[in-house]
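Asker: My structure is in coords.csv, and what it holds is CSV, C-alpha atoms:
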chain,number,residue,atom,x,y,z
U,1,MET,CA,-19.0,-11.2,55.9
U,2,PRO,CA,-17.1,-8.0,55.0
U,3,GLU,CA,-16.1,-7.2,51.5
U,4,PHE,CA,-12.6,-8.0,50.3
U,5,PRO,CA,-10.3,-5.2,51.6
U,6,SER,CA,-9.4,-2.6,49.0
U,7,GLU,CA,-5.9,-2.4,50.3
U,8,PHE,CA,-5.2,-6.0,49.3
U,9,PRO,CA,-2.8,-7.7,49.7
U,10,VAL,CA,-3.5,-7.5,53.4
U,11,VAL,CA,-0.1,-9.0,54.2
U,12,PRO,CA,2.7,-7.9,51.8
U,13,ARG,CA,4.3,-10.5,49.6
U,14,PRO,CA,7.5,-11.7,51.3
U,15,GLU,CA,10.9,-11.0,49.8
U,16,ALA,CA,12.8,-13.9,48.2
U,17,MET,CA,14.5,-16.2,50.7
U,18,PRO,CA,18.2,-15.7,51.3
U,19,ALA,CA,20.3,-17.9,49.1
U,20,ALA,CA,21.6,-19.7,52.2
U,21,VAL,CA,18.2,-21.3,52.8
U,22,ALA,CA,16.4,-20.8,49.4
U,23,HIS,CA,17.6,-24.2,48.3
U,24,HIS,CA,15.7,-26.0,51.1
U,25,GLU,CA,12.2,-26.8,49.9
U,26,SER,CA,11.1,-27.0,53.6
U,27,MET,CA,12.3,-23.5,54.4
U,28,VAL,CA,10.6,-22.0,51.3
U,29,LEU,CA,7.4,-23.9,51.9
U,30,PHE,CA,7.4,-22.8,55.6
U,31,LYS,CA,7.9,-19.1,54.7
U,32,LEU,CA,5.2,-19.3,52.0
U,33,GLY,CA,2.8,-21.1,54.3
U,34,ASN,CA,3.2,-18.5,57.1
U,35,TRP,CA,2.5,-15.7,54.6
U,36,VAL,CA,-0.6,-17.4,53.1
U,37,GLN,CA,-1.9,-18.2,56.6
U,38,ALA,CA,-1.4,-14.7,57.7
U,39,SER,CA,-3.1,-13.4,54.6
U,40,ILE,CA,-6.1,-15.6,55.0
U,41,ASP,CA,-6.3,-14.9,58.8
U,42,ALA,CA,-6.3,-11.1,57.9
U,43,VAL,CA,-9.3,-11.4,55.5
U,44,LEU,CA,-11.2,-13.5,58.0
U,45,ALA,CA,-10.3,-11.2,61.0
U,46,PRO,CA,-13.2,-8.8,60.7
U,47,GLU,CA,-15.4,-11.8,61.5
U,48,GLY,CA,-13.2,-12.6,64.5
U,49,LEU,CA,-12.2,-16.0,62.9
U,50,LYS,CA,-9.1,-17.5,61.4
U,51,SER,CA,-8.0,-20.2,58.9
U,52,ARG,CA,-8.2,-22.8,61.6
U,53,HIS,CA,-11.9,-22.1,62.1
U,54,TYR,CA,-12.4,-22.3,58.3
U,55,SER,CA,-10.5,-25.6,58.0
U,56,THR,CA,-12.4,-27.1,60.9
U,57,MET,CA,-15.8,-26.2,59.4
U,58,SER,CA,-14.8,-27.3,56.0
U,59,VAL,CA,-13.9,-30.8,57.2
U,60,LEU,CA,-17.2,-31.0,59.1
U,61,ARG,CA,-19.2,-29.8,56.1
U,62,ASP,CA,-17.5,-32.6,54.0
U,63,LYS,CA,-17.7,-35.3,56.6
U,64,GLY,CA,-21.0,-34.5,58.1
U,65,PRO,CA,-21.5,-34.9,61.9
U,66,TRP,CA,-18.2,-36.2,63.2
U,67,ALA,CA,-16.4,-36.8,66.4
U,68,GLN,CA,-14.6,-33.8,67.8
U,69,HIS,CA,-11.4,-35.8,68.5
U,70,ALA,CA,-11.4,-37.2,64.9
U,71,VAL,CA,-11.5,-33.7,63.4
U,72,ALA,CA,-8.6,-32.7,65.7
U,73,ASP,CA,-6.6,-35.7,64.5
U,74,LYS,CA,-7.4,-35.1,60.8
U,75,LEU,CA,-6.3,-31.5,61.0
U,76,ARG,CA,-3.4,-32.2,63.3
U,77,ILE,CA,-4.7,-29.8,65.9
U,78,ASP,CA,-4.1,-30.6,69.6
U,79,LYS,CA,-7.2,-31.5,71.6
U,80,ALA,CA,-7.1,-28.4,73.8
U,81,THR,CA,-6.9,-26.0,70.8
U,82,MET,CA,-9.7,-27.9,69.1
U,83,VAL,CA,-11.9,-27.5,72.1
U,84,ALA,CA,-11.3,-23.7,72.0
U,85,ILE,CA,-12.0,-23.6,68.2
U,86,ILE,CA,-15.3,-25.5,68.7
U,87,ASN,CA,-16.3,-23.3,71.6
U,88,GLU,CA,-15.8,-20.2,69.5
U,89,LEU,CA,-17.7,-21.6,66.6
U,90,GLU,CA,-20.5,-22.8,68.8
U,91,GLN,CA,-20.8,-19.4,70.4
U,92,ARG,CA,-21.4,-17.9,67.0
U,93,GLY,CA,-23.9,-20.5,66.1
U,94,PHE,CA,-21.7,-21.9,63.3
U,95,VAL,CA,-21.5,-25.5,64.7
U,96,GLY,CA,-23.6,-27.7,66.9
U,97,ARG,CA,-22.2,-30.1,69.4
U,98,GLU,CA,-23.6,-32.9,71.5
U,99,ARG,CA,-22.2,-35.7,73.6
U,100,ASP,CA,-21.8,-39.0,71.7
U,101,PRO,CA,-24.4,-41.4,73.2
U,102,ALA,CA,-22.0,-44.3,72.6
U,103,ASP,CA,-19.2,-42.7,74.5
U,104,ARG,CA,-20.1,-39.8,76.8
U,105,ARG,CA,-16.5,-38.6,76.9
U,106,HIS,CA,-16.7,-37.6,73.3
U,107,TYR,CA,-18.6,-35.0,71.3
U,108,THR,CA,-20.1,-35.1,67.9
U,109,ILE,CA,-20.0,-31.8,66.0
U,110,TRP,CA,-21.6,-30.5,62.8
U,111,VAL,CA,-21.9,-27.3,60.8
U,112,THR,CA,-25.2,-25.3,61.2
U,113,PRO,CA,-27.0,-23.5,58.3
U,114,GLU,CA,-25.4,-20.2,59.7
U,115,GLY,CA,-22.0,-21.9,59.5
U,116,LEU,CA,-22.6,-23.0,55.9
U,117,ALA,CA,-23.5,-19.5,54.9
U,118,TRP,CA,-20.3,-18.2,56.6
U,119,LEU,CA,-18.2,-20.9,54.8
U,120,THR,CA,-19.6,-19.8,51.4
U,121,ASP,CA,-18.5,-16.2,52.1
U,122,ALA,CA,-15.2,-17.2,53.5
U,123,GLU,CA,-14.4,-19.3,50.5
U,124,LYS,CA,-14.8,-16.3,48.3
U,125,LEU,CA,-12.3,-14.3,50.4
U,126,ILE,CA,-9.9,-17.3,50.5
U,127,SER,CA,-10.1,-17.7,46.7
U,128,ALA,CA,-9.3,-14.0,46.3
U,129,VAL,CA,-6.2,-14.4,48.6
U,130,GLU,CA,-5.1,-17.5,46.5
U,131,ASP,CA,-5.6,-15.6,43.3
U,132,ASP,CA,-3.2,-12.9,44.5
U,133,VAL,CA,-0.7,-15.3,46.1
U,134,PHE,CA,-0.5,-17.5,43.1
U,135,SER,CA,-0.8,-14.7,40.5
U,136,PRO,CA,2.8,-15.3,39.2
U,137,LEU,CA,1.7,-18.8,38.2
U,138,SER,CA,-0.4,-19.9,35.2
U,139,ALA,CA,-3.6,-21.9,35.9
U,140,ALA,CA,-1.7,-25.1,34.8
U,141,GLU,CA,1.2,-24.4,37.1
U,142,ARG,CA,-1.3,-23.8,40.0
U,143,ARG,CA,-2.9,-27.2,39.3
U,144,THR,CA,0.5,-28.9,39.2
U,145,LEU,CA,1.6,-27.2,42.4
U,146,LEU,CA,-1.5,-28.3,44.2
U,147,LYS,CA,-1.1,-31.8,42.9
U,148,LEU,CA,2.5,-31.9,44.1
U,149,MET,CA,1.8,-30.5,47.5
U,150,ASN,CA,-1.0,-32.9,48.1
U,151,ALA,CA,1.2,-35.8,47.0
U,152,LEU,CA,3.4,-35.0,50.0
U,153,PHE,CA,0.7,-36.1,52.4
U,154,GLY,CA,0.2,-39.6,53.5
U,155,PRO,CA,-3.0,-41.6,52.8
Take the structure in the file and give it back as structure tokens.

Answerer:
Amino acid sequence: MPEFPSEFPVVPRPEAMPAAVAHHESMVLFKLGNWVQASIDAVLAPEGLKSRHYSTMSVLRDKGPWAQHAVADKLRIDKATMVAIINELEQRGFVGRERDPADRRHYTIWVTPEGLAWLTDAEKLISAVEDDVFSPLSAAERRTLLKLMNALFGP
């Protein structure tokens, strides 16, 4: 995994939203989300991977071997895109995949030791991006923001 780029931030901080849309939480969240995703993708790019690879492997690490379609559903990634993500990760040796003996139409996937090592390095880079992105906030404000954002998801 490459070291954190010295020219950080990789993706410049966006300007404030125009007043006409700045009062819409959804528009502000969308703009910020795009910026954060672009920043994370930029620091993972030297490895040829993106945030979607990281999130897929993180879910697999936490869930253990799991059905490929269940990972796609959990992350809200369409099935065709999930197949491409798993293909890329499998080619790098970061995940293993085998047919589910109970249903040959499905695959079970898991993170390999090489994938776990990459995840450890990727988490350091992502933490550095988060530290920059959320630097205007105190630690308490960051915890509150995270709690509020997670509260928006269903069970």

Asker: Could you check which of U:Ala122, U:Ile40, U:Ala70, U:Leu146 is closest to Ser58 (chain U), using all atoms listed in the file?

Answerer: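 Nearest candidate to Ser58 (chain U) out of U:Ala122, U:Ile40, U:Ala70, U:Leu146: U:Ala122.
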
Asker: How far is it from CA of Val11 (chain U) to CA of Trp35 (chain U), in Å with one decimal?

Answerer: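 Straight-line distance from CA of Val11 (chain U) to CA of Trp35 (chain U) works out to 7.2 Å.
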
Asker: Here is a test: counting all atoms listed in the file, which residue of U:Ala38, U:Ala45, U:Ala117, U:Met149 is nearest to Pro14 (chain U)?

Answerer: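 Nearest candidate to Pro14 (chain U) out of U:Ala38, U:Ala45, U:Ala117, U:Met149: U:Ala38.
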
Asker: Provide the CA of Glu130 (chain U) to CA of Met57 (chain U) distance in Å, to one decimal place.

Answerer: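 Interatomic distance, CA of Glu130 (chain U) to CA of Met57 (chain U): 18.9 Å.
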
Asker: To one decimal in Å, tell me the separation between CA of Asn34 (chain U) and CA of Thr144 (chain U).

Answerer: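 According to the coordinates, CA of Asn34 (chain U) and CA of Thr144 (chain U) are separated by 20.9 Å.
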
Asker: Could you pull the residues within 12 Å of region 77-85 of chain U, counting all atoms listed in the file, minus those fewer than 5 positions along the same chain, as a list in words?

Answerer: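 Listed by chain and then number, they are Gly48, Leu49, Lys50, Ser51, Arg52, His53, Tyr54, Ser55, Thr56, Met57, Ala67, Gln68, His69, Ala70, Val71, Ala72, Glu90, Gln91, Arg92, Phe94, Val95, Arg97, His106, Tyr107, Thr108 and Ile109 of chain U.
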
Asker: From the set U:Glu15, U:Ala20, U:Trp118, U:Ser26, which residue has the shortest atom-to-atom contact distance to Leu152 (chain U), counting all atoms listed in the file?

Answerer: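 Between U:Glu15, U:Ala20, U:Trp118, U:Ser26, the residue approaching Leu152 (chain U) most closely is U:Ser26.
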
Asker: Which is closest to Ala42 (chain U) among U:Leu137, U:Glu114, U:Leu148, U:Pro12, if we use only C-alpha atoms?

Answerer: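 Result for the nearest residue to Ala42 (chain U): U:Pro12.
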
Asker: Between U:Leu29, U:Ala16, U:Asn87, U:Glu47, single out the one closest to Asp121 (chain U), counting all atoms listed in the file.

Answerer: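 The answer is U:Glu47, which sits nearest to Asp121 (chain U).
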